[in-house]
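Shown next: structure27.cif, containing mmCIF, C-alpha atoms and all ligand atoms.
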data_model
loop_
_atom_site.group_PDB
_atom_site.id
_atom_site.type_symbol
_atom_site.label_atom_id
_atom_site.label_comp_id
_atom_site.auth_asym_id
_atom_site.auth_seq_id
_atom_site.Cartn_x
_atom_site.Cartn_y
_atom_site.Cartn_z
ATOM 1 C CA MET V 495 0.000 0.000 0.000
ATOM 2 C CA THR V 496 1.422 3.420 -0.845
ATOM 3 C CA SER V 497 1.352 6.079 1.818
ATOM 4 C CA LEU V 498 -0.413 9.438 1.358
ATOM 5 C CA VAL V 499 2.466 11.193 3.065
ATOM 6 C CA ASP V 500 6.195 10.914 2.460
ATOM 7 C CA VAL V 501 7.811 8.486 4.881
ATOM 8 C CA LEU V 502 11.481 7.662 5.381
ATOM 9 C CA ASP V 503 12.834 5.789 2.377
ATOM 10 C CA LEU V 504 16.557 5.183 1.715
ATOM 11 C CA GLN V 505 15.941 5.158 -2.039
ATOM 12 C CA LYS V 506 14.797 8.756 -1.792
ATOM 13 C CA ILE V 507 17.594 9.798 0.558
ATOM 14 C CA GLU V 508 20.713 8.314 -1.017
ATOM 15 C CA PRO V 509 20.411 10.088 -4.413
ATOM 16 C CA ARG V 510 20.264 13.440 -2.582
ATOM 17 C CA LEU V 511 23.559 12.965 -0.754
ATOM 18 C CA LEU V 512 26.456 15.277 -1.566
ATOM 19 C CA THR V 513 28.726 13.618 0.971
ATOM 20 C CA ARG V 514 31.992 11.724 0.664
ATOM 21 C CA PHE V 515 31.608 9.454 3.698
ATOM 22 C CA ILE V 516 28.477 10.300 5.658
ATOM 23 C CA ALA V 517 25.723 7.803 4.819
ATOM 24 C CA ARG V 518 28.201 6.174 2.403
ATOM 25 C CA PRO V 519 29.588 3.379 4.586
ATOM 26 C CA ASP V 520 32.551 1.689 2.957
ATOM 27 C CA GLY V 521 31.673 -1.996 2.531
ATOM 28 C CA GLY V 522 28.482 -1.600 4.554
ATOM 29 C CA LYS V 523 24.899 -0.408 4.138
ATOM 30 C CA ASN V 524 22.708 2.259 5.645
ATOM 31 C CA GLU V 525 19.771 0.831 7.584
ATOM 32 C CA LEU V 526 16.103 1.739 7.678
ATOM 33 C CA TRP V 527 13.977 -0.064 10.243
ATOM 34 C CA GLU V 528 10.194 -0.237 10.184
ATOM 35 C CA SER V 529 10.399 -0.352 13.975
ATOM 36 C CA ILE V 530 13.300 -0.717 16.398
ATOM 37 C CA ASN V 531 13.983 -0.089 20.080
ATOM 38 C CA SER V 532 16.347 2.856 19.457
ATOM 39 C CA THR V 533 18.507 3.809 16.485
ATOM 40 C CA ASN V 534 21.266 4.876 18.923
ATOM 41 C CA THR V 535 21.178 1.461 20.593
ATOM 42 C CA ARG V 536 21.324 -0.191 17.152
ATOM 43 C CA ALA V 537 24.283 2.039 16.192
ATOM 44 C CA ILE V 538 26.127 0.989 19.358
ATOM 45 C CA GLU V 539 25.491 -2.675 18.435
ATOM 46 C CA LEU V 540 26.676 -2.062 14.895
ATOM 47 C CA ALA V 541 29.821 -0.358 16.181
ATOM 48 C CA ALA V 542 30.573 -3.487 18.233
ATOM 49 C CA ASP V 543 30.132 -5.588 15.060
ATOM 50 C CA GLY V 544 32.642 -3.450 13.154
ATOM 51 C CA GLY V 545 30.039 -1.212 11.406
ATOM 52 C CA ALA V 546 31.569 1.255 8.971
ATOM 53 C CA HIS V 547 32.338 4.931 9.493
ATOM 54 C CA GLY V 548 29.486 7.126 8.258
ATOM 55 C CA THR V 549 26.685 4.526 8.501
ATOM 56 C CA LEU V 550 23.206 6.039 8.798
ATOM 57 C CA ILE V 551 20.566 4.181 10.798
ATOM 58 C CA LEU V 552 16.974 5.278 10.502
ATOM 59 C CA ALA V 553 13.703 4.053 11.921
ATOM 60 C CA ARG V 554 10.091 4.868 11.132
ATOM 61 C CA GLN V 555 9.241 4.086 14.745
ATOM 62 C CA GLN V 556 11.160 3.530 18.003
ATOM 63 C CA SER V 557 9.799 1.519 20.912
ATOM 64 C CA ALA V 558 12.470 2.712 23.362
ATOM 65 C CA GLY V 559 13.732 5.999 21.926
ATOM 66 C CA ARG V 560 16.228 7.600 24.286
ATOM 67 C CA GLY V 561 16.691 11.259 25.167
ATOM 68 C CA ARG V 562 19.370 12.991 27.213
ATOM 69 C CA LEU V 563 19.600 12.441 30.960
ATOM 70 C CA GLY V 564 17.902 9.038 30.691
ATOM 71 C CA ARG V 565 14.649 10.426 29.364
ATOM 72 C CA GLN V 566 12.331 8.710 26.923
ATOM 73 C CA TRP V 567 12.058 10.053 23.346
ATOM 74 C CA VAL V 568 8.474 9.575 22.210
ATOM 75 C CA SER V 569 8.746 8.062 18.708
ATOM 76 C CA PRO V 570 5.410 7.074 17.148
ATOM 77 C CA SER V 571 5.253 5.679 13.639
ATOM 78 C CA ASP V 572 6.153 8.124 10.827
ATOM 79 C CA SER V 573 5.814 11.107 13.163
ATOM 80 C CA GLY V 574 9.476 11.978 13.331
ATOM 81 C CA ILE V 575 12.894 11.485 11.849
ATOM 82 C CA TYR V 576 14.637 9.006 14.143
ATOM 83 C CA SER V 577 18.239 8.837 13.002
ATOM 84 C CA SER V 578 21.703 7.872 14.194
ATOM 85 C CA PHE V 579 25.044 8.290 12.467
ATOM 86 C CA LEU V 580 27.985 6.054 13.333
ATOM 87 C CA PHE V 581 31.420 7.673 13.213
ATOM 88 C CA ARG V 582 34.828 6.203 13.804
ATOM 89 C CA PRO V 583 36.988 9.241 14.476
ATOM 90 C CA GLU V 584 40.751 8.966 14.795
ATOM 91 C CA ALA V 585 41.402 8.500 18.510
ATOM 92 C CA GLN V 586 43.614 11.579 18.793
ATOM 93 C CA SER V 587 41.111 13.895 17.162
ATOM 94 C CA ILE V 588 37.939 13.302 19.177
ATOM 95 C CA PRO V 589 36.607 16.570 20.588
ATOM 96 C CA ASN V 590 34.439 16.434 23.712
ATOM 97 C CA LEU V 591 30.757 15.521 23.489
ATOM 98 C CA SER V 592 29.552 19.067 24.254
ATOM 99 C CA THR V 593 31.402 20.505 21.262
ATOM 100 C CA ILE V 594 30.163 17.687 19.025
ATOM 101 C CA THR V 595 26.590 18.253 20.194
ATOM 102 C CA LEU V 596 26.853 21.983 19.441
ATOM 103 C CA ALA V 597 28.310 21.193 15.999
ATOM 104 C CA VAL V 598 25.459 18.796 15.223
ATOM 105 C CA GLY V 599 22.983 21.487 16.299
ATOM 106 C CA VAL V 600 24.529 23.905 13.800
ATOM 107 C CA ALA V 601 24.311 21.284 11.022
ATOM 108 C CA VAL V 602 20.671 20.432 11.762
ATOM 109 C CA SER V 603 19.672 24.075 12.009
ATOM 110 C CA LYS V 604 21.274 24.831 8.615
ATOM 111 C CA ALA V 605 19.727 21.724 7.063
ATOM 112 C CA ILE V 606 16.198 22.574 8.203
ATOM 113 C CA ARG V 607 16.612 26.157 6.985
ATOM 114 C CA LYS V 608 17.713 24.832 3.595
ATOM 115 C CA SER V 609 15.216 21.994 3.169
ATOM 116 C CA VAL V 610 12.090 23.404 4.848
ATOM 117 C CA GLY V 611 12.778 27.138 5.199
ATOM 118 C CA ILE V 612 12.386 27.245 8.985
ATOM 119 C CA ASP V 613 14.828 28.972 11.365
ATOM 120 C CA VAL V 614 15.685 26.650 14.232
ATOM 121 C CA GLY V 615 17.123 28.141 17.424
ATOM 122 C CA LEU V 616 19.724 26.287 19.472
ATOM 123 C CA LYS V 617 19.277 25.906 23.193
ATOM 124 C CA TRP V 618 22.386 24.705 25.018
ATOM 125 C CA VAL V 619 23.324 21.961 24.813
ATOM 126 C CA ASN V 620 21.208 19.731 22.606
ATOM 127 C CA ASP V 621 17.786 21.272 22.028
ATOM 128 C CA LEU V 622 16.380 22.363 18.651
ATOM 129 C CA VAL V 623 13.757 25.006 19.323
ATOM 130 C CA VAL V 624 11.188 26.998 17.351
ATOM 131 C CA ASP V 625 9.021 29.617 19.084
ATOM 132 C CA ARG V 626 10.147 28.363 22.507
ATOM 133 C CA ARG V 627 8.920 24.854 21.729
ATOM 134 C CA LYS V 628 11.059 21.794 21.193
ATOM 135 C CA LEU V 629 11.293 20.652 17.561
ATOM 136 C CA GLY V 630 13.973 18.064 18.163
ATOM 137 C CA GLY V 631 16.990 16.952 20.116
ATOM 138 C CA ILE V 632 20.448 15.492 19.799
ATOM 139 C CA LEU V 633 21.938 12.593 21.754
ATOM 140 C CA CYS V 634 25.682 12.011 21.181
ATOM 141 C CA GLU V 635 27.258 8.959 22.760
ATOM 142 C CA MET V 636 30.776 7.504 22.727
ATOM 143 C CA THR V 637 31.286 3.771 22.767
ATOM 144 C CA SER V 638 34.419 1.677 22.844
ATOM 145 C CA ASN V 639 34.951 -1.943 21.774
ATOM 146 C CA SER V 640 37.480 -4.221 20.116
ATOM 147 C CA HIS V 641 37.075 -2.224 16.883
ATOM 148 C CA GLY V 642 38.116 0.951 18.673
ATOM 149 C CA LYS V 643 36.144 4.021 19.673
ATOM 150 C CA ALA V 644 32.937 5.021 17.949
ATOM 151 C CA LEU V 645 30.875 8.163 18.172
ATOM 152 C CA ILE V 646 27.113 7.845 17.795
ATOM 153 C CA VAL V 647 25.212 10.966 16.804
ATOM 154 C CA GLY V 648 21.480 10.531 17.393
ATOM 155 C CA ILE V 649 19.072 13.120 16.028
ATOM 156 C CA GLY V 650 15.313 13.196 16.548
ATOM 157 C CA ILE V 651 13.145 15.712 14.680
ATOM 158 C CA ASN V 652 9.382 16.029 15.061
ATOM 159 C CA VAL V 653 7.738 16.025 11.627
ATOM 160 C CA ARG V 654 4.007 15.356 12.018
ATOM 161 C CA PHE V 655 1.906 14.712 15.093
ATOM 162 C CA ASP V 656 -1.798 14.619 15.755
ATOM 163 C CA GLU V 657 -2.289 17.272 18.432
ATOM 164 C CA ASP V 658 -5.345 15.475 19.830
ATOM 165 C CA GLU V 659 -3.266 12.412 20.614
ATOM 166 C CA LEU V 660 -0.646 14.242 22.654
ATOM 167 C CA PRO V 661 -0.769 14.565 26.436
ATOM 168 C CA ASP V 662 -1.414 18.173 27.507
ATOM 169 C CA ASP V 663 2.051 18.727 28.968
ATOM 170 C CA LEU V 664 3.736 17.739 25.660
ATOM 171 C CA LYS V 665 1.273 19.751 23.559
ATOM 172 C CA GLU V 666 2.510 22.896 25.282
ATOM 173 C CA LYS V 667 6.177 22.106 24.957
ATOM 174 C CA MET V 668 6.663 20.586 21.528
ATOM 175 C CA VAL V 669 6.331 21.580 17.912
ATOM 176 C CA TRP V 670 6.700 19.690 14.640
ATOM 177 C CA LEU V 671 7.717 20.746 11.143
ATOM 178 C CA GLU V 672 4.267 20.373 9.555
ATOM 179 C CA ARG V 673 2.655 22.382 12.332
ATOM 180 C CA ILE V 674 4.868 25.279 11.248
ATOM 181 C CA THR V 675 4.793 24.834 7.469
ATOM 182 C CA LYS V 676 1.089 23.892 7.415
ATOM 183 C CA GLN V 677 1.925 21.671 4.477
ATOM 184 C CA PRO V 678 3.449 18.216 4.006
ATOM 185 C CA VAL V 679 7.157 17.889 4.657
ATOM 186 C CA ASP V 680 9.244 15.164 3.041
ATOM 187 C CA PRO V 681 11.477 13.736 5.816
ATOM 188 C CA ASN V 682 13.801 12.309 3.142
ATOM 189 C CA SER V 683 14.914 15.721 1.920
ATOM 190 C CA VAL V 684 15.451 16.847 5.533
ATOM 191 C CA ILE V 685 17.617 13.891 6.580
ATOM 192 C CA ALA V 686 19.612 13.989 3.310
ATOM 193 C CA GLU V 687 20.391 17.659 3.936
ATOM 194 C CA ILE V 688 21.286 16.905 7.564
ATOM 195 C CA ALA V 689 23.822 14.343 6.294
ATOM 196 C CA ASN V 690 25.255 16.917 3.880
ATOM 197 C CA GLN V 691 25.592 19.616 6.546
ATOM 198 C CA LEU V 692 26.901 17.133 9.104
ATOM 199 C CA GLU V 693 29.828 16.291 6.870
ATOM 200 C CA ASP V 694 30.860 19.968 6.744
ATOM 201 C CA VAL V 695 30.840 20.402 10.520
ATOM 202 C CA TYR V 696 32.498 17.025 11.089
ATOM 203 C CA LEU V 697 35.395 18.031 8.837
ATOM 204 C CA LEU V 698 35.706 21.390 10.602
ATOM 205 C CA LEU V 699 35.896 19.606 13.966
ATOM 206 C CA LEU V 700 38.432 17.124 12.650
ATOM 207 C CA ASN V 701 40.593 19.950 11.322
ATOM 208 C CA GLY V 702 40.581 21.666 14.706
ATOM 209 C CA GLN V 703 38.356 24.503 13.466
ATOM 210 C CA SER V 704 35.797 24.253 16.251
ATOM 211 C CA ASN V 705 36.033 28.055 16.666
ATOM 212 C CA GLN V 706 34.115 28.353 13.372
ATOM 213 C CA ILE V 707 31.442 26.000 14.677
ATOM 214 C CA LEU V 708 31.125 27.954 17.913
ATOM 215 C CA ALA V 709 30.763 31.196 15.945
ATOM 216 C CA GLN V 710 27.948 29.650 13.905
ATOM 217 C CA TRP V 711 26.348 28.268 17.059
ATOM 218 C CA ARG V 712 26.364 31.735 18.674
ATOM 219 C CA THR V 713 24.418 33.238 15.740
ATOM 220 C CA ARG V 714 21.717 30.560 16.091
ATOM 221 C CA SER V 715 21.670 30.499 19.882
ATOM 222 C CA ILE V 716 18.498 31.274 21.814
ATOM 223 C CA THR V 717 20.507 30.867 25.015
ATOM 224 C CA LEU V 718 23.137 33.590 25.100
ATOM 225 C CA GLY V 719 22.173 36.868 26.712
ATOM 226 C CA ARG V 720 19.270 35.223 28.560
ATOM 227 C CA ARG V 721 18.537 34.635 32.254
ATOM 228 C CA ILE V 722 18.754 30.940 32.960
ATOM 229 C CA ILE V 723 18.462 28.402 35.706
ATOM 230 C CA ALA V 724 20.903 25.542 35.310
ATOM 231 C CA THR V 725 20.835 22.207 37.064
ATOM 232 C CA SER V 726 23.685 19.757 37.055
ATOM 233 C CA GLY V 727 23.307 16.836 39.450
ATOM 234 C CA GLU V 728 22.455 18.270 42.859
ATOM 235 C CA ARG V 729 23.616 21.749 41.918
ATOM 236 C CA THR V 730 21.386 24.611 40.719
ATOM 237 C CA ILE V 731 22.685 27.997 39.604
ATOM 238 C CA GLU V 732 20.944 31.069 38.286
ATOM 239 C CA GLY V 733 22.385 33.833 36.159
ATOM 240 C CA GLU V 734 22.903 35.140 32.655
ATOM 241 C CA ALA V 735 24.237 32.839 29.922
ATOM 242 C CA VAL V 736 27.029 35.006 28.561
ATOM 243 C CA ASP V 737 29.058 32.837 26.187
ATOM 244 C CA ILE V 738 30.255 29.431 25.092
ATOM 245 C CA ALA V 739 33.781 28.366 26.080
ATOM 246 C CA ASP V 740 36.122 26.656 23.605
ATOM 247 C CA SER V 741 35.244 23.369 25.308
ATOM 248 C CA GLY V 742 31.546 23.861 24.480
ATOM 249 C CA ALA V 743 30.740 24.649 28.129
ATOM 250 C CA LEU V 744 28.123 27.329 28.794
ATOM 251 C CA ILE V 745 29.496 30.327 30.680
ATOM 252 C CA VAL V 746 27.007 31.608 33.238
ATOM 253 C CA ASP V 747 27.447 34.931 35.041
ATOM 254 C CA THR V 748 25.727 34.639 38.418
ATOM 255 C CA GLY V 749 26.525 38.254 39.341
ATOM 256 C CA THR V 750 29.273 37.207 41.718
ATOM 257 C CA GLU V 751 31.209 34.761 39.547
ATOM 258 C CA LYS V 752 31.389 33.240 36.088
ATOM 259 C CA ILE V 753 30.754 29.520 36.091
ATOM 260 C CA GLU V 754 31.431 27.091 33.246
ATOM 261 C CA LEU V 755 28.653 24.555 32.894
ATOM 262 C CA HIS V 756 29.884 21.351 31.279
ATOM 263 C CA ALA V 757 26.847 19.145 31.800
ATOM 264 C CA GLY V 758 23.257 19.244 32.964
ATOM 265 C CA GLU V 759 20.440 21.247 31.525
ATOM 266 C CA ILE V 760 19.105 24.759 31.561
ATOM 267 C CA THR V 761 15.779 26.526 31.696
ATOM 268 C CA ILE V 762 15.528 29.912 29.989
ATOM 269 C CA ARG V 763 13.554 32.746 31.545
ATOM 270 C CA ASN V 764 11.451 34.514 28.899
ATOM 271 C CA ALA V 765 10.736 38.248 28.874
ATOM 272 C CA ASP V 766 7.163 37.576 30.081
ATOM 273 C CA GLY V 767 8.480 35.675 33.111
ATOM 274 C CA SER V 768 7.648 32.242 31.734
ATOM 275 C CA TYR V 769 10.307 29.562 31.333
ATOM 276 C CA CYS V 770 11.238 27.251 28.479
HETATM 277 C C1 LIG V 801 17.026 14.883 23.704
HETATM 278 O O1 LIG V 801 16.539 15.950 23.339
HETATM 279 O O2 LIG V 801 16.962 14.517 24.885
HETATM 280 C C2 LIG V 801 17.728 14.017 22.682
HETATM 281 C C3 LIG V 801 16.752 13.235 21.868
HETATM 282 C C4 LIG V 801 17.418 12.339 20.836
HETATM 283 C C5 LIG V 801 16.425 11.442 20.160
HETATM 284 C C6 LIG V 801 17.028 10.673 19.034
HETATM 285 S S1 LIG V 801 15.795 9.865 18.050
HETATM 286 C C7 LIG V 801 17.028 8.974 17.217
HETATM 287 C C8 LIG V 801 18.073 8.577 18.235
HETATM 288 N N1 LIG V 801 17.707 7.330 18.866
HETATM 289 C C9 LIG V 801 17.419 7.482 20.143
HETATM 290 O O3 LIG V 801 17.045 6.579 20.906
HETATM 291 N N2 LIG V 801 17.576 8.763 20.500
HETATM 292 C C10 LIG V 801 18.017 9.577 19.405
#

Would it be possible to restate this file's structure as C-alpha cells?
Ligand code: BTN
Amino acid sequence: MTSLVDVLDLQKIEPRLLTRFIARPDGGKNELWESINSTNTRAIELAADGGAHGTLILARQQSAGRGRLGRQWVSPSDSGIYSSFLFRPEAQSIPNLSTITLAVGVAVSKAIRKSVGIDVGLKWVNDLVVDRRKLGGILCEMTSNSHGKALIVGIGINVRFDEDELPDDLKEKMVWLERITKQPVDPNSVIAEIANQLEDVYLLLLNGQSNQILAQWRTRSITLGRRIIATSGERTIEGEAVDIADSGALIVDTGTEKIELHAGEITIRNADGSYC
C-alpha cells in the first residue's frame, strides 16, 4: 500500500547525498527499520560488530527511543525522523561531546533552513527550538569496543503529530515541522540535507576549526544573553548565559562569579516571566 504522506525511504535519501563518507559506509549499508527499540542502541550494536564509518541508521518508529539524561524520546510511527550516524573518528582527534553536540545542532539548524525554510534556534546543549517549543533533540554517545572508539550521533526531529493524541504537557512544549509549514514535509529531503551539513561540521571539527562552529552556534543560539536556571546533578545555579567556552561549556554569570557549565540542563527565563 502506498502512503499518502512521504515516509522515510533510503531510495529517496541516497540520491540526494552530496557527501563523501556520511551515509556512504565503505563496505556496509545504511539501515532503515520499520520499527526498532532505538537507532542509537542499534548504532552501538553495529559499532561493536565493526560497522563502517558514516553509517546512517533510521527508523520509522522507536519503541524505546532515548533522550538525554535518561529520558524517553516519544517516537510514534512516521511522526518523526529518528536517526543515528555512526562515526569512527581517529582516537587523537575526538573533541568532547559538548562541542560535538553543538556542531550537530549547527548542522541540523542549517539543514532545516535549507530543506524546509524554517529557522531553528539552538538551546544549550542539545535542544532544537522553534518559538520556545522543542522541535527536536540530539543525543551524542561515545562507545568503545574491540574495533576501537565510535561516536554515535542521534538526532530526533518532530515532523508530524496529531495534536489530539498528545498529552497536555507535551502539547505545550513541543512543535513539529508540519505544524509550522502547514503543508506536508518530506522527511527524506530533511535527513539527506542533515547528512550533507553534518559532513561539513564534522570536517571542521576534525581539522581543529571548532572556533568556526562555535561562531555559527552563537548566531543561532536562543541561550546567550538570557537569564537561565541551570541544574547539574544536585547543583542549581541562576544567572545570565554570557558565552560558550572553547570546550563547548556554557558560561554563566551569576553576578558574583562566572561559572562554566559542562553538563546538565538549563531553563531559559522569557521576557514575560515564563520559562522554556
Ligand atoms: C534529547 O533531546 O533529549 C535528545 C533526543 C534524541 C532522540 C534521538 S531519536 C534517534 C536517536 N535514537 C534514540 O534513541 N535517540 C536519538

Residues selected by the PyMOL selection byres (((not hetatm)) within 10 of (chain V and resi 801)), written as an MDAnalysis selection string: chainID V and resid 530:537 551:553 555:569 574:579 619:622 628:635 646:652

Mind listing as a short mmCIF file (atom, residue, chain, number, x, y, z; two decimals) with C-alpha atoms, in the coordinates of the input all residues within 8 Å of (29.5, 19.2, 14.7), counting all atoms listed in the file?
data_model
loop_
_atom_site.label_atom_id
_atom_site.label_comp_id
_atom_site.auth_asym_id
_atom_site.auth_seq_id
_atom_site.Cartn_x
_atom_site.Cartn_y
_atom_site.Cartn_z
CA THR V 593 31.40 20.50 21.26
CA ILE V 594 30.16 17.69 19.02
CA THR V 595 26.59 18.25 20.19
CA LEU V 596 26.85 21.98 19.44
CA ALA V 597 28.31 21.19 16.00
CA VAL V 598 25.46 18.80 15.22
CA GLY V 599 22.98 21.49 16.30
CA VAL V 600 24.53 23.90 13.80
CA ALA V 601 24.31 21.28 11.02
CA LEU V 692 26.90 17.13 9.10
CA VAL V 695 30.84 20.40 10.52
CA TYR V 696 32.50 17.02 11.09
CA LEU V 698 35.71 21.39 10.60
CA LEU V 699 35.90 19.61 13.97
CA ILE V 707 31.44 26.00 14.68
#

Contact check, stretch 512-626 of chain V to stretch 657-676 of chain V, at most 10 Å, counting all atoms listed in the file, closest pairs as a Markdown table:
| residue | atom | partner | partner_atom | distance |
| --- | --- | --- | --- | --- |
| V:Ser573 | CA | V:Trp670 | CA | 8.8 |
| V:Gly574 | CA | V:Trp670 | CA | 8.3 |
| V:Ile606 | CA | V:Leu671 | CA | 9.2 |
| V:Val610 | CA | V:Thr675 | CA | 7.9 |
| V:Gly611 | CA | V:Thr675 | CA | 8.6 |
| V:Ile612 | CA | V:Ile674 | CA | 8.1 |
| V:Val623 | CA | V:Val669 | CA | 8.3 |
| V:Val624 | CA | V:Val669 | CA | 7.3 |
| V:Asp625 | CA | V:Val669 | CA | 8.6 |
| V:Arg626 | CA | V:Lys667 | CA | 7.8 |

For the file shown, report as a short mmCIF file (atom, residue, chain, number, x, y, z; two decimals) with C-alpha atoms, keeping the file's coordinate frame the outcome of the PyMOL selection byres (((chain V and resi 685) around 10) and not hetatm) at residue level.
data_model
loop_
_atom_site.label_atom_id
_atom_site.label_comp_id
_atom_site.auth_asym_id
_atom_site.auth_seq_id
_atom_site.Cartn_x
_atom_site.Cartn_y
_atom_site.Cartn_z
CA LEU V 502 11.48 7.66 5.38
CA ILE V 507 17.59 9.80 0.56
CA GLU V 508 20.71 8.31 -1.02
CA ARG V 510 20.26 13.44 -2.58
CA LEU V 511 23.56 12.96 -0.75
CA LEU V 550 23.21 6.04 8.80
CA LEU V 552 16.97 5.28 10.50
CA ILE V 575 12.89 11.48 11.85
CA TYR V 576 14.64 9.01 14.14
CA SER V 577 18.24 8.84 13.00
CA VAL V 602 20.67 20.43 11.76
CA ALA V 605 19.73 21.72 7.06
CA ILE V 606 16.20 22.57 8.20
CA SER V 609 15.22 21.99 3.17
CA ILE V 649 19.07 13.12 16.03
CA ILE V 651 13.14 15.71 14.68
CA ASP V 680 9.24 15.16 3.04
CA PRO V 681 11.48 13.74 5.82
CA ASN V 682 13.80 12.31 3.14
CA SER V 683 14.91 15.72 1.92
CA VAL V 684 15.45 16.85 5.53
CA ALA V 686 19.61 13.99 3.31
CA GLU V 687 20.39 17.66 3.94
CA ILE V 688 21.29 16.90 7.56
CA ALA V 689 23.82 14.34 6.29
CA ASN V 690 25.26 16.92 3.88
CA GLN V 691 25.59 19.62 6.55
#

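Residue nearest V:Thr713 within the list V:Asp613, V:Glu759, V:Glu734, V:Glu751: V:Asp613 [criterion: smallest interatomic distance, only C-alpha atoms].
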
For stretch 731-746 of chain V, what centre and edge lengths in Å (one decimal) does the axis-aligned box get once 3 Å is added on each side of all its listed atoms, as JSON?
{"center_x": 28.5, "center_y": 29.3, "center_z": 31.6, "size_x": 21.2, "size_y": 17.8, "size_z": 22.0}

Using only C-alpha atoms: which of V:Gly767, V:Pro583, V:Gly548, V:Gly642 has the shortest distance to V:Lys523: V:Gly548

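Atom CA of V:Gly521 is positioned 18.7 Å from atom CA of V:Ser640.
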
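Comparing the minimum interatomic distances between V:Gln677 and each of V:Thr725, V:Glu539, V:His756, V:Val653, counting all atoms listed in the file, we find that V:Val653 sits nearest.
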
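Using all atoms listed in the file, the shortest contact distance between V:Gly727 and any of V:Gly545, V:Gly758, V:Gly522, V:Pro509 is found at V:Gly758.
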
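With all atoms listed in the file as the basis for measurement, V:Ala546 is the residue among V:Val499, V:Ala546, V:Leu645, V:Met636 that approaches V:Phe515 most closely.
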
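You will find atom CA of V:Asp694 at 23.5 Å from atom CA of V:Leu526.
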
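Going from atom CA of V:Ser592 to atom CA of V:Asp740 covers 10.1 Å.
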
Residue with smallest distance to V:Ala743 - pool V:Leu708, V:Gln505, V:Thr513, V:Asn764, counting only C-alpha atoms: V:Leu708

Hits of the PyMOL selection byres (((chain V and resi 719) around 9) and not hetatm) in this structure, as an MDAnalysis selection string: chainID V and resid 716:718 720:721 734:737

Answer as a PyMOL selection string, residues within 12 Å of (27.7, 35.3, 39.6) using only C-alpha atoms: chain V and resi 721-722+731-736+745-754

Incomplete stretch 749-753 of chain V filled out to all heavy atoms as a PDB file, in the coordinates of the input:
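In the end it all went to rebuild.pdb:
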ATOM      1  N   GLY V 749      26.485  36.942  38.686  1.00  0.00           N
ATOM      2  CA  GLY V 749      26.525  38.254  39.341  1.00  0.00           C
ATOM      3  C   GLY V 749      27.714  38.340  40.268  1.00  0.00           C
ATOM      4  O   GLY V 749      28.290  39.406  40.467  1.00  0.00           O
ATOM      5  N   THR V 750      28.105  37.208  40.840  1.00  0.00           N
ATOM      6  CA  THR V 750      29.273  37.207  41.718  1.00  0.00           C
ATOM      7  C   THR V 750      30.440  36.453  41.106  1.00  0.00           C
ATOM      8  O   THR V 750      31.591  36.674  41.434  1.00  0.00           O
ATOM      9  CB  THR V 750      28.935  36.559  43.080  1.00  0.00           C
ATOM     10  OG1 THR V 750      28.311  35.307  42.821  1.00  0.00           O
ATOM     11  CG2 THR V 750      28.018  37.430  43.909  1.00  0.00           C
ATOM     12  N   GLU V 751      30.120  35.516  40.197  1.00  0.00           N
ATOM     13  CA  GLU V 751      31.209  34.761  39.547  1.00  0.00           C
ATOM     14  C   GLU V 751      30.734  34.249  38.194  1.00  0.00           C
ATOM     15  O   GLU V 751      29.534  34.217  37.901  1.00  0.00           O
ATOM     16  CB  GLU V 751      31.656  33.581  40.430  1.00  0.00           C
ATOM     17  CG  GLU V 751      30.521  32.642  40.751  1.00  0.00           C
ATOM     18  CD  GLU V 751      30.937  31.422  41.564  1.00  0.00           C
ATOM     19  OE1 GLU V 751      32.105  31.028  41.510  1.00  0.00           O
ATOM     20  OE2 GLU V 751      30.059  30.860  42.235  1.00  0.00           O
ATOM     21  N   LYS V 752      31.724  33.865  37.368  1.00  0.00           N
ATOM     22  CA  LYS V 752      31.389  33.240  36.088  1.00  0.00           C
ATOM     23  C   LYS V 752      31.658  31.749  36.203  1.00  0.00           C
ATOM     24  O   LYS V 752      32.775  31.352  36.535  1.00  0.00           O
ATOM     25  CB  LYS V 752      32.218  33.848  34.964  1.00  0.00           C
ATOM     26  CG  LYS V 752      31.700  35.215  34.561  1.00  0.00           C
ATOM     27  CD  LYS V 752      32.335  35.692  33.286  1.00  0.00           C
ATOM     28  CE  LYS V 752      31.743  37.053  32.933  1.00  0.00           C
ATOM     29  NZ  LYS V 752      32.540  37.763  31.946  1.00  0.00           N
ATOM     30  N   ILE V 753      30.634  30.967  35.929  1.00  0.00           N
ATOM     31  CA  ILE V 753      30.754  29.520  36.091  1.00  0.00           C
ATOM     32  C   ILE V 753      30.656  28.851  34.720  1.00  0.00           C
ATOM     33  O   ILE V 753      29.826  29.234  33.899  1.00  0.00           O
ATOM     34  CB  ILE V 753      29.621  28.998  37.010  1.00  0.00           C
ATOM     35  CG1 ILE V 753      29.798  29.580  38.407  1.00  0.00           C
ATOM     36  CG2 ILE V 753      29.585  27.480  37.048  1.00  0.00           C
ATOM     37  CD1 ILE V 753      28.706  29.218  39.365  1.00  0.00           C
TER      38      ILE V 753
END
